Amino acid sequence: MKALQYSEYGPSSVLHLVELPEPQPAAGRIRVAVRAIGVNPFDWKVRSGAFGDTTPSRLPHVPHSDVAGVVDAIGEGVEGVQIGDEVFGTAVGGGAAEHAILREWAQKPPGMTFAEAAGLPNVIETAGRALDLLGISKLKPTALTTEGDPSAQRGPTLVINGASGGVGIAAVQLAIARGATVIGTASERNHEFLSRLGATPVTYGPGLADRIRALAPAGVDRALDTAGRGAVAELVTLTPTPADVVSIADFDAAKHGARVTDGSEGRAYQTLHEAAALYAEGRFTMPVERTFPLSEAAAAHDLSESGHVRGKIVLTL
């Protein structure tokens, strides 16, 4: 099969196409004929050598884990999926190839394109995991008691810093579906987009906390930082306790009493099914900024690394 690979860390030019044997699914896993591959910042950070020689542990390496495709082989013990099903999920052993092995997956809703689906797994899992840590649950939407009136209940007010990025867009929609009121930080060019998703937009930068207080006179219950850039120091001044702030991007957040999630505490792959159901109901979307053929993966990495992206970059086969 044709696959994308690199044999050394470095700029996007280290990416090249190679021929590799087709993988076979082990017990509990499935294989898909890949139709599209999501590009995440983690992918080019690993490729650049930002994590040293520990991630991945061996070279050469087939990058990318977010894929969408058609099931063409099923491992022993797998139930609930058939040959020919269209799915999206997380690959093991690299997803940027004509075939990939999935360890976690969900059925692709009718009407969702393969490019849309390929952009979902990482951002959906990350957003769902962070919201779960914040107590914004699908099964039991948080109902916080209004101060001074124990009988009056309201859904949580959540601030999402970096609401127009991939994880932010997912978190906005999942949180609203779970009953939260969402205030999202973004540049002004993305304010209309966030409003269409159901969030109240606010410009990031100096004075952010005061602008948020003006928008939420009843107070902020939780905050999610998806962008870093030092926002945690302000976010912890808004929530009841610093631990009510979770960051996926600022690994110094603990210095301010906030929590950091990197997935080591457990994953939230069940959120893939939640997002698929919301999409089928017309309550979830993930814009695709641009698609590239697999042969132009270097250009896709360069665009992602530029940081000027709303939604997802996708490779297609």
# chains A, B, ... in the order shown; residues from 1 in each chain; ligands from 1

call {"tool": "select_by_dssp", "arguments": {"residues": "segment 53-197 of chain A", "states": "strand (DSSP E)", "output": "JSON, numbers by chain"}}
result
{"A": [66, 67, 68, 69, 70, 71, 72, 73, 74, 86, 87, 88, 89, 90, 91, 92, 99, 100, 101, 102, 103, 104, 105, 106, 107, 144, 145, 146, 149, 150, 151, 152, 153, 154, 157, 158, 159, 160, 161, 181, 182, 183, 184, 185]}

call {"tool": "write_last_selection", "arguments": {"atoms": "N, CA and C atoms", "output": "short mmCIF file (atom, residue, chain, number, x, y, z; two decimals), in the first residue's frame"}}
result
data_model
loop_
_atom_site.label_atom_id
_atom_site.label_comp_id
_atom_site.auth_asym_id
_atom_site.auth_seq_id
_atom_site.Cartn_x
_atom_site.Cartn_y
_atom_site.Cartn_z
N ASP A 66 -5.88 10.36 13.03
CA ASP A 66 -7.29 10.62 12.73
C ASP A 66 -7.61 10.19 11.30
N VAL A 67 -8.52 9.23 11.15
CA VAL A 67 -8.85 8.76 9.81
C VAL A 67 -10.35 8.51 9.67
N ALA A 68 -10.80 8.52 8.43
CA ALA A 68 -12.15 8.10 8.08
C ALA A 68 -12.04 7.21 6.86
N GLY A 69 -12.86 6.16 6.81
CA GLY A 69 -12.77 5.25 5.68
C GLY A 69 -13.84 4.19 5.72
N VAL A 70 -13.64 3.16 4.92
CA VAL A 70 -14.61 2.07 4.75
C VAL A 70 -14.01 0.80 5.33
N VAL A 71 -14.75 0.14 6.22
CA VAL A 71 -14.26 -1.07 6.86
C VAL A 71 -14.04 -2.16 5.81
N ASP A 72 -12.83 -2.74 5.78
CA ASP A 72 -12.56 -3.81 4.82
C ASP A 72 -11.97 -5.06 5.47
N ALA A 73 -11.76 -5.05 6.79
CA ALA A 73 -11.33 -6.25 7.51
C ALA A 73 -11.66 -6.05 8.99
N ILE A 74 -12.03 -7.15 9.65
CA ILE A 74 -12.48 -7.07 11.04
C ILE A 74 -11.73 -8.10 11.87
N GLU A 86 -19.03 2.71 6.87
CA GLU A 86 -18.24 3.93 6.82
C GLU A 86 -18.04 4.44 8.24
N VAL A 87 -16.80 4.57 8.66
CA VAL A 87 -16.49 4.91 10.05
C VAL A 87 -15.41 5.98 10.11
N PHE A 88 -15.24 6.53 11.31
CA PHE A 88 -14.11 7.42 11.58
C PHE A 88 -13.58 7.05 12.96
N GLY A 89 -12.27 7.26 13.16
CA GLY A 89 -11.71 6.89 14.44
C GLY A 89 -10.22 7.11 14.52
N THR A 90 -9.61 6.41 15.48
CA THR A 90 -8.20 6.60 15.82
C THR A 90 -7.37 5.40 15.38
N ALA A 91 -6.34 5.68 14.59
CA ALA A 91 -5.50 4.62 14.04
C ALA A 91 -4.34 4.28 14.97
N VAL A 92 -3.92 3.03 14.89
CA VAL A 92 -2.68 2.61 15.54
C VAL A 92 -1.70 2.23 14.43
N HIS A 99 -4.44 2.00 3.85
CA HIS A 99 -5.16 1.18 4.82
C HIS A 99 -4.66 1.52 6.22
N ALA A 100 -5.56 1.47 7.20
CA ALA A 100 -5.16 1.78 8.57
C ALA A 100 -5.94 0.89 9.54
N ILE A 101 -5.33 0.59 10.67
CA ILE A 101 -5.96 -0.19 11.73
C ILE A 101 -6.52 0.77 12.77
N LEU A 102 -7.79 0.59 13.10
CA LEU A 102 -8.45 1.46 14.08
C LEU A 102 -8.62 0.73 15.40
N ARG A 103 -8.34 1.44 16.49
CA ARG A 103 -8.56 0.88 17.82
C ARG A 103 -9.84 1.42 18.45
N GLU A 104 -10.25 2.62 18.03
CA GLU A 104 -11.50 3.24 18.49
C GLU A 104 -12.18 3.83 17.27
N TRP A 105 -13.51 3.70 17.20
CA TRP A 105 -14.19 4.21 16.01
C TRP A 105 -15.67 4.45 16.30
N ALA A 106 -16.30 5.16 15.39
CA ALA A 106 -17.75 5.39 15.43
C ALA A 106 -18.26 5.38 14.01
N GLN A 107 -19.52 5.07 13.84
CA GLN A 107 -20.13 5.08 12.52
C GLN A 107 -20.21 6.52 12.01
N LEU A 144 -26.04 23.90 38.64
CA LEU A 144 -25.42 24.61 39.75
C LEU A 144 -26.46 25.47 40.46
N THR A 145 -26.45 25.44 41.77
CA THR A 145 -27.42 26.20 42.55
C THR A 145 -27.07 27.68 42.53
N THR A 146 -28.07 28.51 42.24
CA THR A 146 -27.87 29.94 42.26
C THR A 146 -27.67 30.39 43.70
N ASP A 149 -30.40 31.08 46.57
CA ASP A 149 -31.69 30.48 46.23
C ASP A 149 -31.47 29.02 45.86
N PRO A 150 -31.43 28.14 46.87
CA PRO A 150 -31.12 26.74 46.62
C PRO A 150 -32.09 26.07 45.65
N SER A 151 -33.29 26.62 45.50
CA SER A 151 -34.28 25.98 44.63
C SER A 151 -34.10 26.35 43.17
N ALA A 152 -33.33 27.41 42.93
CA ALA A 152 -33.14 27.88 41.55
C ALA A 152 -31.90 27.24 40.96
N GLN A 153 -32.06 26.55 39.87
CA GLN A 153 -30.94 25.89 39.23
C GLN A 153 -30.73 26.40 37.82
N ARG A 154 -29.49 26.37 37.39
CA ARG A 154 -29.16 26.80 36.05
C ARG A 154 -28.04 25.91 35.53
N THR A 157 -22.11 28.01 33.37
CA THR A 157 -21.54 28.97 32.42
C THR A 157 -20.07 28.62 32.25
N LEU A 158 -19.71 28.35 31.01
CA LEU A 158 -18.37 27.88 30.68
C LEU A 158 -17.68 28.87 29.77
N VAL A 159 -16.45 29.24 30.11
CA VAL A 159 -15.61 30.03 29.22
C VAL A 159 -14.66 29.09 28.49
N ILE A 160 -14.59 29.22 27.17
CA ILE A 160 -13.65 28.43 26.37
C ILE A 160 -12.66 29.39 25.72
N ASN A 161 -11.41 29.31 26.13
CA ASN A 161 -10.36 30.13 25.54
C ASN A 161 -9.81 29.43 24.31
N THR A 181 -24.03 27.19 29.14
CA THR A 181 -23.97 28.48 28.46
C THR A 181 -22.49 28.76 28.20
N VAL A 182 -22.15 29.05 26.95
CA VAL A 182 -20.74 29.13 26.57
C VAL A 182 -20.36 30.54 26.14
N ILE A 183 -19.25 31.02 26.70
CA ILE A 183 -18.58 32.25 26.26
C ILE A 183 -17.26 31.82 25.65
N GLY A 184 -17.02 32.22 24.40
CA GLY A 184 -15.82 31.76 23.70
C GLY A 184 -14.91 32.89 23.28
N THR A 185 -13.61 32.77 23.57
CA THR A 185 -12.65 33.78 23.13
C THR A 185 -12.18 33.47 21.73
#

call {"tool": "residues_around", "arguments": {"residues": "Val288 of chain A", "least_positions_apart": "2", "cutoff": "6 Å", "atoms": "only C-alpha atoms", "output": "list in words"}}
result
Arg290, Gly311 and Lys312 of chain A

call {"tool": "atom_distance", "arguments": {"atom1": "atom CA of Thr237 of chain A", "atom2": "atom CA of Lys255 of chain A"}}
result
13.6 Å

call {"tool": "closest_residue", "arguments": {"among": "A:Gly219, A:Pro60, A:Gly228, A:Gly49", "to": "Pro11 of chain A", "atoms": "only C-alpha atoms"}}
result
A:Gly49

call {"tool": "closest_residue", "arguments": {"among": "A:Met112, A:Val245, A:Val62, A:Val314", "to": "Ala277 of chain A", "atoms": "only C-alpha atoms"}}
result
A:Met112

call {"tool": "select_by_dssp", "arguments": {"residues": "segment 41-85 of chain A", "states": "helix (DSSP H, G or I)", "output": "ChimeraX atom specification"}}
result
/A:41-48

call {"tool": "write_last_selection", "arguments": {"atoms": "all heavy atoms", "output": "tab-separated table (two decimals), in the first residue's frame"}}
result
chain	number	residue	atom	x	y	z
A	41	PRO	N	-2.08	19.60	15.15
A	41	PRO	CA	-0.80	20.19	15.54
A	41	PRO	C	0.18	19.16	16.13
A	41	PRO	O	1.39	19.26	15.90
A	41	PRO	CB	-1.19	21.24	16.57
A	41	PRO	CG	-2.56	21.68	16.15
A	41	PRO	CD	-3.22	20.42	15.65
A	42	PHE	N	-0.36	18.19	16.86
A	42	PHE	CA	0.51	17.16	17.43
A	42	PHE	C	1.32	16.45	16.35
A	42	PHE	O	2.48	16.09	16.58
A	42	PHE	CB	-0.34	16.15	18.20
A	42	PHE	CG	0.45	15.03	18.84
A	42	PHE	CD1	1.16	15.25	20.01
A	42	PHE	CD2	0.49	13.77	18.27
A	42	PHE	CE1	1.90	14.23	20.60
A	42	PHE	CE2	1.22	12.74	18.85
A	42	PHE	CZ	1.91	12.97	20.02
A	43	ASP	N	0.71	16.26	15.18
A	43	ASP	CA	1.38	15.53	14.10
A	43	ASP	C	2.66	16.23	13.65
A	43	ASP	O	3.71	15.59	13.50
A	43	ASP	CB	0.43	15.36	12.92
A	43	ASP	CG	-0.83	14.59	13.28
A	43	ASP	OD1	-0.71	13.59	14.01
A	43	ASP	OD2	-1.92	14.99	12.84
A	44	TRP	N	2.56	17.55	13.41
A	44	TRP	CA	3.77	18.22	12.94
A	44	TRP	C	4.75	18.53	14.07
A	44	TRP	O	5.95	18.66	13.85
A	44	TRP	CB	3.45	19.49	12.13
A	44	TRP	CG	2.58	20.52	12.75
A	44	TRP	CD1	1.25	20.74	12.52
A	44	TRP	CD2	2.96	21.53	13.69
A	44	TRP	NE1	0.78	21.81	13.25
A	44	TRP	CE2	1.82	22.32	13.97
A	44	TRP	CE3	4.17	21.86	14.32
A	44	TRP	CZ2	1.83	23.40	14.86
A	44	TRP	CZ3	4.19	22.93	15.21
A	44	TRP	CH2	3.03	23.69	15.46
A	45	LYS	N	4.23	18.60	15.30
A	45	LYS	CA	5.15	18.79	16.44
A	45	LYS	C	6.04	17.55	16.61
A	45	LYS	O	7.25	17.66	16.84
A	45	LYS	CB	4.37	19.08	17.71
A	45	LYS	CG	3.74	20.46	17.75
A	45	LYS	CD	2.93	20.68	19.01
A	45	LYS	CE	2.29	22.06	19.01
A	45	LYS	NZ	1.43	22.28	20.20
A	46	VAL	N	5.43	16.37	16.50
A	46	VAL	CA	6.22	15.13	16.57
A	46	VAL	C	7.21	15.08	15.42
A	46	VAL	O	8.39	14.80	15.61
A	46	VAL	CB	5.30	13.90	16.55
A	46	VAL	CG1	6.13	12.62	16.46
A	46	VAL	CG2	4.44	13.86	17.80
A	47	ARG	N	6.72	15.34	14.20
A	47	ARG	CA	7.58	15.30	13.01
A	47	ARG	C	8.77	16.25	13.13
A	47	ARG	O	9.88	15.95	12.69
A	47	ARG	CB	6.75	15.66	11.77
A	47	ARG	CG	7.47	15.58	10.45
A	47	ARG	CD	7.09	16.75	9.56
A	47	ARG	NE	7.63	18.01	10.03
A	47	ARG	CZ	6.95	19.15	10.08
A	47	ARG	NH1	5.68	19.21	9.71
A	47	ARG	NH2	7.54	20.26	10.52
A	48	SER	N	8.57	17.41	13.76
A	48	SER	CA	9.63	18.41	13.87
A	48	SER	C	10.72	18.01	14.86
A	48	SER	O	11.80	18.59	14.87
A	48	SER	CB	9.03	19.75	14.31
A	48	SER	OG	8.64	19.70	15.69

call {"tool": "residues_around", "arguments": {"residues": "Asp302 of chain A", "least_positions_apart": "3", "cutoff": "10 Å", "atoms": "only C-alpha atoms", "output": "list of chain:residue names"}}
result
A:Pro11, A:Ser12, A:Ser13, A:Trp44, A:Ala297, A:Ala298, A:Ala299, A:Glu305, A:Ser306, A:Gly307

call {"tool": "write_last_selection", "arguments": {"atoms": "N, CA and C atoms", "output": "PDB file, in the first residue's frame"}}
result
ATOM      1  N   PRO A  11      11.840  19.501   9.200  1.00  0.00           N
ATOM      2  CA  PRO A  11      10.767  20.272   8.555  1.00  0.00           C
ATOM      3  C   PRO A  11       9.870  19.349   7.728  1.00  0.00           C
ATOM      4  N   SER A  12       8.825  19.940   7.158  1.00  0.00           N
ATOM      5  CA  SER A  12       7.857  19.133   6.410  1.00  0.00           C
ATOM      6  C   SER A  12       8.486  18.404   5.224  1.00  0.00           C
ATOM      7  N   SER A  13       9.625  18.849   4.786  1.00  0.00           N
ATOM      8  CA  SER A  13      10.292  18.209   3.640  1.00  0.00           C
ATOM      9  C   SER A  13      10.762  16.789   3.942  1.00  0.00           C
ATOM     10  N   TRP A  44       2.556  17.554  13.406  1.00  0.00           N
ATOM     11  CA  TRP A  44       3.774  18.221  12.936  1.00  0.00           C
ATOM     12  C   TRP A  44       4.748  18.529  14.073  1.00  0.00           C
ATOM     13  N   ALA A 297       1.200  16.341   1.487  1.00  0.00           N
ATOM     14  CA  ALA A 297       1.133  16.387   2.951  1.00  0.00           C
ATOM     15  C   ALA A 297       2.033  17.465   3.538  1.00  0.00           C
ATOM     16  N   ALA A 298       3.172  17.723   2.925  1.00  0.00           N
ATOM     17  CA  ALA A 298       4.081  18.745   3.443  1.00  0.00           C
ATOM     18  C   ALA A 298       3.401  20.110   3.466  1.00  0.00           C
ATOM     19  N   ALA A 299       2.657  20.447   2.404  1.00  0.00           N
ATOM     20  CA  ALA A 299       1.956  21.725   2.363  1.00  0.00           C
ATOM     21  C   ALA A 299       0.874  21.779   3.431  1.00  0.00           C
ATOM     22  N   GLU A 305       0.909  24.429  10.709  1.00  0.00           N
ATOM     23  CA  GLU A 305       1.938  25.033  11.565  1.00  0.00           C
ATOM     24  C   GLU A 305       1.854  26.551  11.563  1.00  0.00           C
ATOM     25  N   SER A 306       1.248  27.132  10.526  1.00  0.00           N
ATOM     26  CA  SER A 306       1.119  28.592  10.464  1.00  0.00           C
ATOM     27  C   SER A 306       0.199  29.129  11.554  1.00  0.00           C
ATOM     28  N   GLY A 307      -0.724  28.296  12.047  1.00  0.00           N
ATOM     29  CA  GLY A 307      -1.640  28.708  13.097  1.00  0.00           C
ATOM     30  C   GLY A 307      -2.827  29.517  12.623  1.00  0.00           C
TER      31      GLY A 307
END
